[in-house]
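Visitor: Data file input37.cif (mmCIF, C-alpha atoms) is appended below.
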```cif
data_protein
loop_
_atom_site.label_atom_id
_atom_site.label_comp_id
_atom_site.auth_asym_id
_atom_site.auth_seq_id
_atom_site.Cartn_x
_atom_site.Cartn_y
_atom_site.Cartn_z
CA MET F 322 194.91 35.68 -88.96
CA ALA F 323 191.33 36.13 -89.98
CA LYS F 324 188.80 35.35 -87.31
CA THR F 325 185.68 33.44 -88.27
CA ILE F 326 182.20 34.90 -87.99
CA THR F 327 181.47 32.64 -85.01
CA GLN F 328 184.50 33.95 -83.20
CA GLU F 329 183.43 37.54 -83.81
CA PHE F 330 180.08 36.67 -82.33
CA THR F 331 181.21 34.71 -79.28
CA LYS F 332 183.91 37.18 -78.20
CA GLY F 333 181.12 39.53 -77.11
CA LEU F 334 179.72 36.91 -74.79
CA TRP F 335 182.80 36.33 -72.66
CA ALA F 336 186.21 37.60 -73.77
CA GLU F 337 184.99 41.13 -74.49
CA ILE F 338 181.66 41.18 -72.62
CA PRO F 339 181.17 44.95 -72.42
CA PRO F 340 180.48 46.04 -68.83
CA PHE F 341 182.67 43.43 -67.17
CA ARG F 342 185.64 42.94 -69.48
CA LEU F 343 185.83 46.26 -71.24
CA VAL F 344 184.21 48.13 -68.32
CA LEU F 345 182.43 50.30 -70.87
CA GLY F 346 178.95 51.77 -70.96
CA LEU F 347 178.63 51.89 -67.19
CA CYS F 348 176.08 54.70 -67.10
CA PRO F 349 173.08 52.61 -68.21
CA VAL F 350 174.54 49.55 -66.51
CA LEU F 351 174.38 51.25 -63.13
CA GLY F 352 171.29 53.30 -63.85
CA VAL F 353 168.67 50.90 -65.15
CA THR F 354 169.47 47.58 -63.53
CA THR F 355 167.11 48.02 -60.60
CA THR F 356 165.01 45.15 -61.95
CA MET F 357 165.74 42.34 -64.35
CA GLU F 358 163.00 43.42 -66.74
CA ASN F 359 164.53 46.90 -67.06
CA GLY F 360 167.94 45.35 -67.65
CA ILE F 361 166.72 43.13 -70.45
CA GLY F 362 164.72 45.93 -72.06
CA MET F 363 167.70 48.25 -72.04
CA GLY F 364 169.97 45.48 -73.30
CA LEU F 365 167.69 44.66 -76.22
CA ALA F 366 167.33 48.32 -77.17
CA THR F 367 171.11 48.70 -77.17
CA THR F 368 171.54 45.46 -79.15
CA PHE F 369 169.18 46.72 -81.84
CA VAL F 370 171.04 50.02 -82.14
CA LEU F 371 174.41 48.26 -82.10
CA LEU F 372 173.42 45.78 -84.79
CA CYS F 373 171.82 48.35 -87.10
CA SER F 374 174.56 50.93 -86.71
CA ASN F 375 177.26 48.30 -87.27
CA ILE F 376 175.55 47.15 -90.46
CA LEU F 377 175.14 50.66 -91.81
CA VAL F 378 178.60 51.87 -90.81
CA SER F 379 180.16 48.78 -92.35
CA ALA F 380 178.13 49.16 -95.55
CA LEU F 381 179.07 52.84 -95.88
CA ARG F 382 182.68 52.49 -94.71
CA ASN F 383 184.12 53.21 -98.13
CA ILE F 384 181.86 56.20 -98.75
CA ILE F 385 182.23 58.02 -95.43
CA PRO F 386 185.18 60.43 -95.60
CA PRO F 387 187.61 59.70 -92.71
CA LYS F 388 187.64 63.32 -91.50
CA VAL F 389 183.92 63.44 -90.75
CA ARG F 390 183.48 59.82 -89.79
CA ILE F 391 182.55 60.47 -86.16
CA ALA F 392 179.83 62.92 -87.20
CA CYS F 393 178.47 60.35 -89.66
CA PHE F 394 178.53 57.61 -87.02
CA ILE F 395 176.65 59.81 -84.57
CA ILE F 396 173.96 60.59 -87.17
CA ILE F 397 173.53 56.89 -87.89
CA ILE F 398 173.45 55.91 -84.22
CA ALA F 399 171.13 58.74 -83.20
CA THR F 400 168.69 57.82 -85.96
CA PHE F 401 168.41 54.24 -84.73
CA VAL F 402 168.12 55.37 -81.11
CA ILE F 403 165.15 57.56 -81.97
CA VAL F 404 163.63 54.67 -83.92
CA VAL F 405 163.93 52.53 -80.78
CA GLU F 406 162.54 55.30 -78.62
CA LEU F 407 159.46 55.85 -80.79
CA VAL F 408 158.76 52.16 -81.23
CA MET F 409 159.12 51.56 -77.49
CA GLN F 410 156.81 54.46 -76.75
CA ALA F 411 154.23 53.11 -79.15
CA TYR F 412 154.26 49.45 -78.18
CA THR F 413 155.91 48.87 -74.79
CA TYR F 414 154.94 52.08 -73.04
CA PRO F 415 155.39 50.95 -69.40
CA LEU F 416 158.96 49.86 -70.12
CA PHE F 417 159.63 53.15 -71.88
CA LEU F 418 158.46 55.02 -68.78
CA ARG F 419 160.87 53.13 -66.55
CA LEU F 420 163.88 53.43 -68.83
CA GLY F 421 163.06 57.04 -69.68
CA LEU F 422 166.19 59.10 -70.01
CA PHE F 423 168.48 56.13 -70.60
CA ILE F 424 167.06 55.38 -74.05
CA PRO F 425 168.18 58.70 -75.63
CA LEU F 426 171.47 58.24 -73.81
CA ILE F 427 172.26 55.19 -75.96
CA VAL F 428 173.42 57.75 -78.54
CA VAL F 429 176.45 58.53 -76.42
CA ASN F 430 176.92 54.99 -75.17
CA CYS F 431 180.61 54.37 -75.77
CA ILE F 432 180.02 50.71 -76.62
CA VAL F 433 177.97 51.61 -79.68
CA LEU F 434 180.33 54.33 -80.93
CA GLY F 435 183.29 52.18 -79.96
CA ARG F 436 182.15 49.24 -82.08
CA ALA F 437 181.37 51.51 -85.03
CA GLU F 438 184.79 53.14 -84.87
CA ALA F 439 186.95 50.19 -83.87
CA PHE F 440 185.24 47.40 -85.73
CA ALA F 441 182.50 48.13 -88.25
CA SER F 442 184.40 50.90 -90.04
CA LYS F 443 187.25 48.49 -90.77
CA ASN F 444 185.45 45.21 -91.40
CA GLY F 445 182.99 43.70 -93.84
CA LEU F 446 179.26 43.38 -93.45
CA LEU F 447 178.99 39.87 -92.02
CA PRO F 448 181.72 40.16 -89.37
CA SER F 449 180.26 43.52 -88.33
CA MET F 450 176.82 42.03 -87.91
CA ALA F 451 178.24 39.17 -85.85
CA ASP F 452 180.26 41.62 -83.77
CA GLY F 453 177.28 43.90 -83.11
CA LEU F 454 174.99 41.02 -82.23
CA GLY F 455 177.58 39.36 -79.98
CA ILE F 456 178.48 42.49 -78.06
CA GLY F 457 174.80 43.42 -77.82
CA ILE F 458 173.77 40.05 -76.43
CA GLY F 459 176.71 40.10 -74.03
CA PHE F 460 175.58 43.54 -72.85
CA THR F 461 172.00 42.30 -72.46
CA LEU F 462 173.12 39.27 -70.44
CA SER F 463 175.25 41.43 -68.15
CA LEU F 464 172.40 43.85 -67.54
CA ALA F 465 169.98 40.99 -66.93
CA ALA F 466 172.34 39.34 -64.44
CA LEU F 467 172.99 42.57 -62.55
CA GLY F 468 169.29 43.42 -62.64
CA ALA F 469 168.32 39.99 -61.33
CA ILE F 470 170.73 40.18 -58.38
CA ARG F 471 169.71 43.69 -57.46
CA GLU F 472 166.01 42.96 -57.84
CA ILE F 473 166.12 39.75 -55.78
CA PHE F 474 167.91 41.37 -52.84
CA GLY F 475 166.71 44.92 -53.21
CA THR F 476 162.98 44.34 -53.54
CA GLY F 477 162.63 40.62 -52.84
CA THR F 478 161.14 39.88 -56.26
CA PHE F 479 162.28 38.18 -59.46
CA PHE F 480 160.67 39.33 -62.70
CA GLY F 481 157.99 40.98 -60.58
CA ALA F 482 157.14 37.77 -58.67
CA SER F 483 157.86 37.56 -54.96
CA VAL F 484 160.82 35.34 -54.01
CA PHE F 485 161.15 35.38 -50.27
CA GLY F 486 157.51 35.93 -49.30
CA ALA F 487 155.88 38.86 -47.60
CA SER F 488 158.04 38.76 -44.46
CA TYR F 489 161.19 39.70 -46.41
CA GLN F 490 162.55 43.10 -45.47
CA PRO F 491 163.87 44.59 -48.73
CA PHE F 492 167.57 45.46 -48.71
CA THR F 493 166.94 48.82 -50.38
CA PHE F 494 170.66 49.62 -50.51
CA MET F 495 170.91 47.24 -53.46
CA ILE F 496 168.56 49.18 -55.71
CA GLN F 497 170.23 52.51 -55.03
CA ALA F 498 173.35 53.78 -56.79
CA PRO F 499 175.94 52.53 -54.23
CA GLY F 500 174.42 49.05 -54.40
CA ALA F 501 174.93 49.11 -58.16
CA PHE F 502 178.65 49.84 -57.77
CA VAL F 503 179.09 47.15 -55.11
CA CYS F 504 177.26 44.59 -57.27
CA LEU F 505 179.27 45.46 -60.35
CA GLY F 506 182.51 45.24 -58.37
CA LEU F 507 181.62 41.85 -56.95
CA MET F 508 180.72 40.51 -60.39
CA LEU F 509 184.00 41.79 -61.86
CA CYS F 510 185.79 40.09 -59.02
CA ILE F 511 183.99 36.78 -59.58
CA MET F 512 184.69 36.91 -63.32
CA ASN F 513 188.37 37.54 -62.70
CA LEU F 514 188.49 34.61 -60.26
CA PHE F 515 186.99 32.37 -62.94
CA GLU F 516 189.61 33.52 -65.40
CA LYS F 517 192.35 32.36 -63.05
CA MET R 650 188.44 70.78 -102.71
CA ARG R 651 187.05 67.47 -103.92
CA GLU R 652 187.38 66.07 -100.43
CA LEU R 653 185.54 69.04 -98.97
CA ILE R 654 182.65 68.58 -101.36
CA LYS R 655 182.51 64.90 -100.63
CA MET R 656 182.35 65.52 -96.89
CA VAL R 657 179.54 68.02 -97.26
CA VAL R 658 177.59 65.82 -99.64
CA VAL R 659 177.91 62.67 -97.53
CA LEU R 660 176.89 64.42 -94.32
CA THR R 661 173.98 66.19 -95.98
CA VAL R 662 172.65 63.05 -97.61
CA LEU R 663 172.98 61.08 -94.37
CA ALA R 664 171.28 63.77 -92.30
CA ALA R 665 168.48 64.26 -94.84
CA PHE R 666 167.86 60.55 -95.05
CA SER R 667 167.81 60.24 -91.28
CA GLY R 668 165.47 63.21 -90.92
CA GLY R 669 163.06 61.85 -93.49
CA LEU R 670 162.99 58.40 -91.91
CA LEU R 671 162.36 59.77 -88.44
CA ALA R 672 159.68 62.20 -89.56
CA GLY R 673 157.85 59.33 -91.25
CA LEU R 674 158.16 57.10 -88.23
CA ARG R 675 157.02 59.84 -85.91
CA ASN R 676 153.88 60.43 -87.96
CA GLY R 677 153.26 56.72 -88.09
CA THR R 678 153.51 56.19 -84.35
CA ALA R 679 151.94 59.40 -83.01
CA ALA R 680 148.42 58.05 -82.69
CA GLN R 681 149.58 54.83 -81.10
CA ILE R 682 151.75 56.72 -78.59
CA GLU R 683 148.87 58.93 -77.50
CA LYS R 684 146.69 55.87 -77.06
CA GLN R 685 149.37 54.19 -74.95
CA GLN R 686 149.75 57.27 -72.77
CA LEU R 687 146.03 57.39 -72.12
CA GLU R 688 145.90 53.69 -71.42
CA PHE R 689 148.94 53.22 -69.23
CA VAL R 690 149.54 56.51 -67.50
CA LYS R 691 146.47 58.60 -67.31
CA GLY R 692 143.88 55.87 -67.72
CA PRO R 693 144.50 53.92 -64.50
CA ALA R 694 144.91 57.14 -62.52
CA ILE R 695 141.67 58.59 -63.86
CA LYS R 696 139.77 55.37 -63.22
CA LYS R 697 141.06 55.28 -59.65
CA ILE R 698 140.04 58.86 -58.93
CA LEU R 699 136.67 58.76 -60.66
CA GLU R 700 135.78 55.30 -59.38
CA GLY R 701 132.08 54.56 -59.70
CA ALA R 702 131.48 57.15 -62.43
CA SER R 703 128.65 56.12 -64.74
CA ASN R 704 130.39 57.33 -67.91
CA ASP R 705 133.78 56.64 -69.46
CA PRO R 706 135.91 59.60 -68.32
CA ILE R 707 138.63 58.85 -70.86
CA SER R 708 136.34 59.36 -73.84
CA ASP R 709 134.45 62.23 -72.16
CA ARG R 710 137.30 64.68 -72.21
CA PHE R 711 137.75 68.27 -73.31
CA LYS R 712 140.58 70.74 -73.59
CA ILE R 713 140.88 74.26 -72.24
CA SER R 714 143.73 76.55 -73.17
CA ASP R 715 145.58 77.97 -70.19
CA GLY R 716 148.07 80.61 -71.24
CA ASN R 717 149.84 79.02 -74.18
CA MET R 718 149.25 75.41 -73.22
CA GLN R 719 146.30 73.08 -73.63
CA ARG R 720 145.07 71.23 -70.58
CA SER R 721 143.00 68.08 -70.84
CA PHE R 722 140.11 67.58 -68.45
CA PHE R 723 138.35 64.28 -67.92
CA VAL R 724 134.72 64.36 -66.86
CA GLY R 725 133.16 62.02 -64.32
CA LYS R 726 129.40 61.55 -64.00
CA PHE R 727 128.02 60.63 -60.63
CA ASP R 728 124.30 59.99 -59.95
CA GLY R 729 123.56 61.01 -63.51
CA LYS R 730 125.24 64.37 -63.20
CA ALA R 731 128.61 65.41 -64.60
CA ASN R 732 130.08 67.20 -61.61
CA THR R 733 133.69 66.04 -61.32
CA VAL R 734 136.76 66.76 -63.42
CA ALA R 735 140.19 65.15 -63.32
CA PHE R 736 143.28 66.83 -64.72
CA GLU R 737 147.05 66.57 -64.50
CA SER R 738 149.54 68.80 -62.72
CA PHE R 739 153.25 68.48 -61.91
CA GLY R 740 155.62 68.90 -58.97
CA LYS R 741 159.39 68.68 -58.79
CA GLY R 742 160.43 65.39 -57.21
CA PHE R 743 163.67 63.73 -56.19
CA ALA R 744 164.43 62.65 -59.77
CA GLY R 745 162.52 64.85 -62.16
CA GLU R 746 158.90 65.81 -62.37
CA VAL R 747 156.13 63.94 -60.62
CA GLY R 748 152.87 63.95 -62.56
CA LEU R 749 149.69 63.95 -60.56
CA MET R 750 146.11 63.40 -61.67
CA VAL R 751 143.77 65.37 -59.44
CA GLY R 752 140.00 64.97 -59.32
CA VAL R 753 137.93 67.93 -58.12
CA ASN R 754 134.19 68.11 -57.47
CA LEU R 755 132.82 71.28 -59.04
CA GLU R 756 129.89 71.57 -56.64
CA THR R 757 131.72 71.22 -53.35
CA ASP R 758 135.14 72.52 -54.55
CA LYS R 759 136.76 69.57 -52.81
CA ILE R 760 139.37 67.11 -54.00
CA VAL R 761 137.77 63.72 -54.63
CA GLY R 762 141.04 61.89 -55.12
CA ILE R 763 144.55 62.04 -56.52
CA ALA R 764 146.83 59.53 -58.21
CA VAL R 765 150.43 59.71 -59.39
CA THR R 766 150.84 59.28 -63.15
CA THR R 767 154.44 59.71 -64.31
CA HIS R 768 157.49 59.77 -62.08
CA SER R 769 161.08 58.59 -61.94
CA GLU R 770 161.44 58.35 -58.16
CA THR R 771 163.48 55.69 -56.35
CA PRO R 772 161.72 52.30 -56.41
CA GLY R 773 160.71 51.25 -52.91
CA LEU R 774 160.93 54.80 -51.54
CA GLY R 775 159.61 57.68 -53.63
CA ALA R 776 157.79 55.29 -55.94
CA MET R 777 155.56 54.41 -52.97
CA ALA R 778 153.69 57.63 -53.73
CA LYS R 779 152.22 55.74 -56.67
CA ASP R 780 152.05 52.28 -55.12
CA ASP R 781 150.79 53.03 -51.61
CA PRO R 782 147.07 53.88 -51.71
CA GLY R 783 147.22 55.04 -48.08
CA PHE R 784 149.34 58.04 -49.00
CA THR R 785 147.17 59.42 -51.77
CA ALA R 786 143.98 58.65 -49.83
CA GLN R 787 144.97 61.39 -47.38
CA PHE R 788 144.23 64.03 -50.00
CA LYS R 789 140.60 63.05 -50.34
CA GLY R 790 138.21 65.75 -49.15
CA PHE R 791 140.75 68.57 -48.97
CA SER R 792 139.23 71.92 -49.78
CA ILE R 793 140.87 73.55 -52.80
CA THR R 794 141.23 76.90 -51.08
CA LYS R 795 144.34 76.29 -49.04
CA PRO R 796 147.80 75.04 -50.02
CA ILE R 797 148.57 71.41 -49.23
CA LYS R 798 151.75 70.62 -47.27
CA VAL R 799 153.37 67.72 -45.46
CA THR R 800 153.25 67.69 -41.63
CA ASN R 801 156.96 68.64 -41.44
CA ASP R 802 156.17 71.89 -43.22
CA GLY R 803 153.17 72.59 -41.01
CA GLY R 804 150.64 70.89 -43.27
CA GLN R 805 148.24 68.02 -42.85
CA VAL R 806 149.72 65.25 -45.05
CA ASN R 807 151.85 62.50 -43.51
CA ALA R 808 154.92 62.10 -45.72
CA ILE R 809 156.06 58.68 -46.91
CA SER R 810 158.93 57.66 -44.66
CA GLY R 811 162.24 58.03 -46.45
CA ALA R 812 160.65 60.00 -49.26
CA THR R 813 159.98 63.50 -47.96
CA ILE R 814 161.03 65.13 -51.23
CA THR R 815 158.61 63.00 -53.24
CA SER R 816 155.84 63.66 -50.72
CA ARG R 817 156.53 67.38 -51.02
CA ALA R 818 156.41 67.09 -54.81
CA VAL R 819 152.99 65.46 -54.64
CA CYS R 820 151.77 68.21 -52.31
CA ALA R 821 153.19 70.89 -54.59
CA ALA R 822 151.50 69.29 -57.60
CA ALA R 823 148.20 69.15 -55.71
CA THR R 824 148.56 72.80 -54.72
CA ASP R 825 149.33 73.67 -58.33
CA ALA R 826 146.21 71.78 -59.38
CA GLU R 827 144.19 73.90 -56.93
CA ASN R 828 145.52 77.04 -58.56
CA ILE R 829 144.76 75.77 -62.05
CA TYR R 830 141.27 74.82 -60.93
CA GLN R 831 140.57 78.19 -59.37
CA LYS R 832 141.87 80.01 -62.40
CA LEU R 833 139.87 77.96 -64.90
CA LYS R 834 136.74 77.34 -62.85
CA PRO R 835 134.47 79.64 -64.94
CA GLN R 836 135.41 77.88 -68.18
CA LEU R 837 135.17 74.49 -66.52
CA SER R 838 131.64 75.11 -65.27
CA GLU R 839 130.70 76.29 -68.73
CA LYS R 840 132.18 73.26 -70.49
CA ILE R 841 130.77 70.72 -68.10
CA LYS R 842 127.22 71.87 -68.78
CA GLU R 843 127.54 70.30 -72.20
CA PHE R 844 127.93 66.91 -70.58
CA ASN R 845 124.76 67.38 -68.54
CA LYS R 846 122.48 67.83 -71.53
#
```
Take the structure in this file and express it as structure tokens.

Guide:
Amino acid sequence: MAKTITQEFTKGLWAEIPPFRLVLGLCPVLGVTTTMENGIGMGLATTFVLLCSNILVSALRNIIPPKVRIACFIIIIATFVIVVELVMQAYTYPLFLRLGLFIPLIVVNCIVLGRAEAFASKNGLLPSMADGLGIGIGFTLSLAALGAIREIFGTGTFFGASVFGASYQPFTFMIQAPGAFVCLGLMLCIMNLFEK
Amino acid sequence: MRELIKMVVVLTVLAAFSGGLLAGLRNGTAAQIEKQQLEFVKGPAIKKILEGASNDPISDRFKISDGNMQRSFFVGKFDGKANTVAFESFGKGFAGEVGLMVGVNLETDKIVGIAVTTHSETPGLGAMAKDDPGFTAQFKGFSITKPIKVTNDGGQVNAISGATITSRAVCAAATDAENIYQKLKPQLSEKIKEFNK
């Protein structure tokens, strides 16, 4: 049963939304979602890498020898990650400063390598593009949602603008690592409830 | 054998292509990146420290080599005289290095101001070192002869509550800046004369 392009795209948004359904790529998910802006920035960077690497891996899938495929995938992914890093540094420098270490870490993000290995290396160009874009946007949405929740409660702001006014005492637990785990757990729980 | 050759060829071509692309991109973006760094990181810090300077400290800069590294110094002119320099030093914080821009008056040998440039400290706690002007204001007027410490360590700086490690990092960076200043003072005095012509 061949899935349509639309199905490949939409599966990334709900059925296989990376951090919640596949519980993959948690390192950046927990690390950068202290504010919504960071979450979206990280998500978009990952989407770009995912889309480009899926396209290239899919286009080269008949040329890359199976025995060295992982090495080839890593070269392709790493190249695009450095492209993102340099472009971010040159044009959105403040965001680059906040994301810092997590941008180079996209190279080892298991979502990106996972899609290259499990999907793009076995499918044609168009489905691979749809798959990369879908998973990427799903990842961005998850990061944005987590970032928004943590930012609203942790610092009392939303997209940098104050929500509760000056008298709000920030719940700093939310922007630290344990808060990230609790938030992620609660969101997984809510998603599972919806499924039922 | 054929397979082996194919593997080698594919990997080599991929890696060469990737290297070429990145080298090109790096050359293309280098100037823009340096501009961004000056504008977003060092610029605001320098402007804060050298507030009221009659010149533009970012364009009036010079480099001095210290050991095998180049340090940038930004000159501030006050009352028509170039007598203040700002430069960057680093201290080890809670999550990586904390960059600190330190302004020193060459005539009085006193710190005129400091400002945090780069850091990856916890937002709301360690990041307050950059956001809370009250903390950095404490450093104003310190003589560069003695090490700067937080009150807990027997010093004179009140640490940010909940962020002792970051506060220590800022103090360490300031102390490091003092050492750099003392070491390079002869060259600095020499260089700054050029701006007084």

Visitor: Taking (184.0, 39.9, -81.8) in the file's coordinates, which residues come within 8 Å, counting only C-alpha atoms, written as a count of residues only?

Guide: 13

Visitor: Would you please work out which residue, of F:Cys348, F:Ala465, F:Leu514, F:Ile397, is nearest to F:Leu377 when using all atoms listed in the file?

Guide: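 Comparing F:Cys348, F:Ala465, F:Leu514, F:Ile397 against F:Leu377, the winner is F:Ile397.
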
Visitor: Set the cut-off to 6 Å and count all atoms listed in the file: what are the residues of chain R that reach chain F? Output as a VMD selection string.

Guide: chain R and resid 656 667 681 to 682

Visitor: From the list F:Thr325, F:Thr461, F:Asn359, F:Asn430, which residue is nearest F:Phe479 when using all atoms listed in the file?

Guide: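 Ranked by minimum distance to F:Phe479, first place goes to F:Asn359.
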
Visitor: Compile the contact shell of stretch 796-809 of chain R as number ranges by chain: residues with an atom at most 8 Å away, counting only C-alpha atoms, same-chain residues fewer than 2 positions apart removed.

Guide: R: 774-775, 777-778, 784, 787-788, 793-794, 811-813, 816-817, 820-821, 823-824, 827

Visitor: Between atom CA of R:Gln719 and atom CA of R:Thr733, what is the spacing in Å?

Guide: 19.0 Å

Visitor: Using all atoms listed in the file, find the one residue out of F:Leu351, F:Leu345, F:Val378, F:Leu462 that sits nearest to R:Leu663.

Guide: F:Val378

Visitor: Please return as a PyMOL selection string every residue within 8 Å of (141.4, 67.1, -68.5), taking into account all atoms listed in the file and the file's own coordinates.

Guide: chain R and resi 710-712+720-724+734-737

Visitor: Can you work out the spacing between atom CA of R:Ser838 and atom CA of R:Phe689 in Å, to one decimal?

Guide: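 Separating atom CA of R:Ser838 from atom CA of R:Phe689 is a distance of 28.2 Å.
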
Visitor: Kindly list the centre and edge lengths in Å, rounded to one decimal, for the axis-aligned box that covers all listed atoms of stretch 826-842 of chain R plus 4 Å on each of its six sides, as AutoDock Vina command-line options.

Guide:
```
--center_x 136.7 --center_y 75.4 --center_z -63.7 --size_x 27.0 --size_y 17.3 --size_z 21.6
```

Visitor: Name the residues that the PyMOL selection byres ((chain F and resi 375) around 12) picks from the file above, as number ranges by chain, using the file's chain letters and numbers.

Guide: F: 367-374, 376-382, 394-395, 397-398, 401, 432-457

Visitor: For the selection just defined, write its residues with C-alpha atoms to a file, as a PDB file, keeping the file's coordinate frame.

Guide:
```pdb
ATOM      1  CA  THR F 367     171.110  48.700 -77.170  1.00  0.00           C
ATOM      2  CA  THR F 368     171.540  45.460 -79.150  1.00  0.00           C
ATOM      3  CA  PHE F 369     169.180  46.720 -81.840  1.00  0.00           C
ATOM      4  CA  VAL F 370     171.040  50.020 -82.140  1.00  0.00           C
ATOM      5  CA  LEU F 371     174.410  48.260 -82.100  1.00  0.00           C
ATOM      6  CA  LEU F 372     173.420  45.780 -84.790  1.00  0.00           C
ATOM      7  CA  CYS F 373     171.820  48.350 -87.100  1.00  0.00           C
ATOM      8  CA  SER F 374     174.560  50.930 -86.710  1.00  0.00           C
ATOM      9  CA  ILE F 376     175.550  47.150 -90.460  1.00  0.00           C
ATOM     10  CA  LEU F 377     175.140  50.660 -91.810  1.00  0.00           C
ATOM     11  CA  VAL F 378     178.600  51.870 -90.810  1.00  0.00           C
ATOM     12  CA  SER F 379     180.160  48.780 -92.350  1.00  0.00           C
ATOM     13  CA  ALA F 380     178.130  49.160 -95.550  1.00  0.00           C
ATOM     14  CA  LEU F 381     179.070  52.840 -95.880  1.00  0.00           C
ATOM     15  CA  ARG F 382     182.680  52.490 -94.710  1.00  0.00           C
ATOM     16  CA  PHE F 394     178.530  57.610 -87.020  1.00  0.00           C
ATOM     17  CA  ILE F 395     176.650  59.810 -84.570  1.00  0.00           C
ATOM     18  CA  ILE F 397     173.530  56.890 -87.890  1.00  0.00           C
ATOM     19  CA  ILE F 398     173.450  55.910 -84.220  1.00  0.00           C
ATOM     20  CA  PHE F 401     168.410  54.240 -84.730  1.00  0.00           C
ATOM     21  CA  ILE F 432     180.020  50.710 -76.620  1.00  0.00           C
ATOM     22  CA  VAL F 433     177.970  51.610 -79.680  1.00  0.00           C
ATOM     23  CA  LEU F 434     180.330  54.330 -80.930  1.00  0.00           C
ATOM     24  CA  GLY F 435     183.290  52.180 -79.960  1.00  0.00           C
ATOM     25  CA  ARG F 436     182.150  49.240 -82.080  1.00  0.00           C
ATOM     26  CA  ALA F 437     181.370  51.510 -85.030  1.00  0.00           C
ATOM     27  CA  GLU F 438     184.790  53.140 -84.870  1.00  0.00           C
ATOM     28  CA  ALA F 439     186.950  50.190 -83.870  1.00  0.00           C
ATOM     29  CA  PHE F 440     185.240  47.400 -85.730  1.00  0.00           C
ATOM     30  CA  ALA F 441     182.500  48.130 -88.250  1.00  0.00           C
ATOM     31  CA  SER F 442     184.400  50.900 -90.040  1.00  0.00           C
ATOM     32  CA  LYS F 443     187.250  48.490 -90.770  1.00  0.00           C
ATOM     33  CA  ASN F 444     185.450  45.210 -91.400  1.00  0.00           C
ATOM     34  CA  GLY F 445     182.990  43.700 -93.840  1.00  0.00           C
ATOM     35  CA  LEU F 446     179.260  43.380 -93.450  1.00  0.00           C
ATOM     36  CA  LEU F 447     178.990  39.870 -92.020  1.00  0.00           C
ATOM     37  CA  PRO F 448     181.720  40.160 -89.370  1.00  0.00           C
ATOM     38  CA  SER F 449     180.260  43.520 -88.330  1.00  0.00           C
ATOM     39  CA  MET F 450     176.820  42.030 -87.910  1.00  0.00           C
ATOM     40  CA  ALA F 451     178.240  39.170 -85.850  1.00  0.00           C
ATOM     41  CA  ASP F 452     180.260  41.620 -83.770  1.00  0.00           C
ATOM     42  CA  GLY F 453     177.280  43.900 -83.110  1.00  0.00           C
ATOM     43  CA  LEU F 454     174.990  41.020 -82.230  1.00  0.00           C
ATOM     44  CA  GLY F 455     177.580  39.360 -79.980  1.00  0.00           C
ATOM     45  CA  ILE F 456     178.480  42.490 -78.060  1.00  0.00           C
ATOM     46  CA  GLY F 457     174.800  43.420 -77.820  1.00  0.00           C
TER      47      GLY F 457
END
```

Visitor: Using the chain letters and numbers from the file, give me the residues hit by the PyMOL selection byres ((chain R and resi 694-701) around 7), as a ChimeraX atom specification.

Guide: /R:690-693,702-703,725,735,750,752,761-766

Visitor: Restricting the calculation to all atoms listed in the file: of R:Val747, R:Ala786, R:Leu837, R:Gln831, which residue gets closest to R:Val819?

Guide: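 Smallest separation from R:Val819 among the options: R:Val747.
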
Visitor: So what do you get for atom CA of F:Pro340 versus atom CA of F:Phe460, distance-wise?

Guide: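 Here the two named atoms are 6.8 Å from each other.
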
Visitor: Please evaluate the PyMOL selection byres ((chain R and resi 739) around 6) against the displayed coordinates and give the resulting residues as a list in words.

Guide: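 This file gives the following for the PyMOL selection byres ((chain R and resi 739) around 6): Ser738, Gly740, Val747, Gly748, Leu749 and Ala822 of chain R.
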
Visitor: Pick the closest to R:Ala818 from R:Gly745, R:Ala680, R:Lys789, R:Thr771: which is it, counting only C-alpha atoms?

Guide: R:Gly745

Visitor: Once N, CA and C atoms are restored for stretch 354-360 of chain F, what would the output be as a PDB file, in the coordinates of the input?

Guide:
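To be explicit, this is the file written out as selection13.pdb:
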```
ATOM      1  N   THR F 354     169.583  48.972 -63.949  1.00  0.00           N
ATOM      2  CA  THR F 354     169.470  47.580 -63.530  1.00  0.00           C
ATOM      3  C   THR F 354     168.815  47.414 -62.162  1.00  0.00           C
ATOM      4  N   THR F 355     167.799  48.209 -61.883  1.00  0.00           N
ATOM      5  CA  THR F 355     167.110  48.020 -60.600  1.00  0.00           C
ATOM      6  C   THR F 355     166.210  46.791 -60.646  1.00  0.00           C
ATOM      7  N   THR F 356     165.736  46.415 -61.832  1.00  0.00           N
ATOM      8  CA  THR F 356     165.010  45.150 -61.950  1.00  0.00           C
ATOM      9  C   THR F 356     165.521  44.436 -63.196  1.00  0.00           C
ATOM     10  N   MET F 357     165.265  43.136 -63.233  1.00  0.00           N
ATOM     11  CA  MET F 357     165.740  42.340 -64.350  1.00  0.00           C
ATOM     12  C   MET F 357     165.057  42.745 -65.648  1.00  0.00           C
ATOM     13  N   GLU F 358     163.760  43.050 -65.545  1.00  0.00           N
ATOM     14  CA  GLU F 358     163.000  43.420 -66.740  1.00  0.00           C
ATOM     15  C   GLU F 358     163.597  44.681 -67.377  1.00  0.00           C
ATOM     16  N   ASN F 359     163.908  45.671 -66.545  1.00  0.00           N
ATOM     17  CA  ASN F 359     164.530  46.900 -67.060  1.00  0.00           C
ATOM     18  C   ASN F 359     165.841  46.574 -67.749  1.00  0.00           C
ATOM     19  N   GLY F 360     166.636  45.713 -67.103  1.00  0.00           N
ATOM     20  CA  GLY F 360     167.940  45.350 -67.650  1.00  0.00           C
ATOM     21  C   GLY F 360     167.813  44.746 -69.024  1.00  0.00           C
TER      22      GLY F 360
END
```
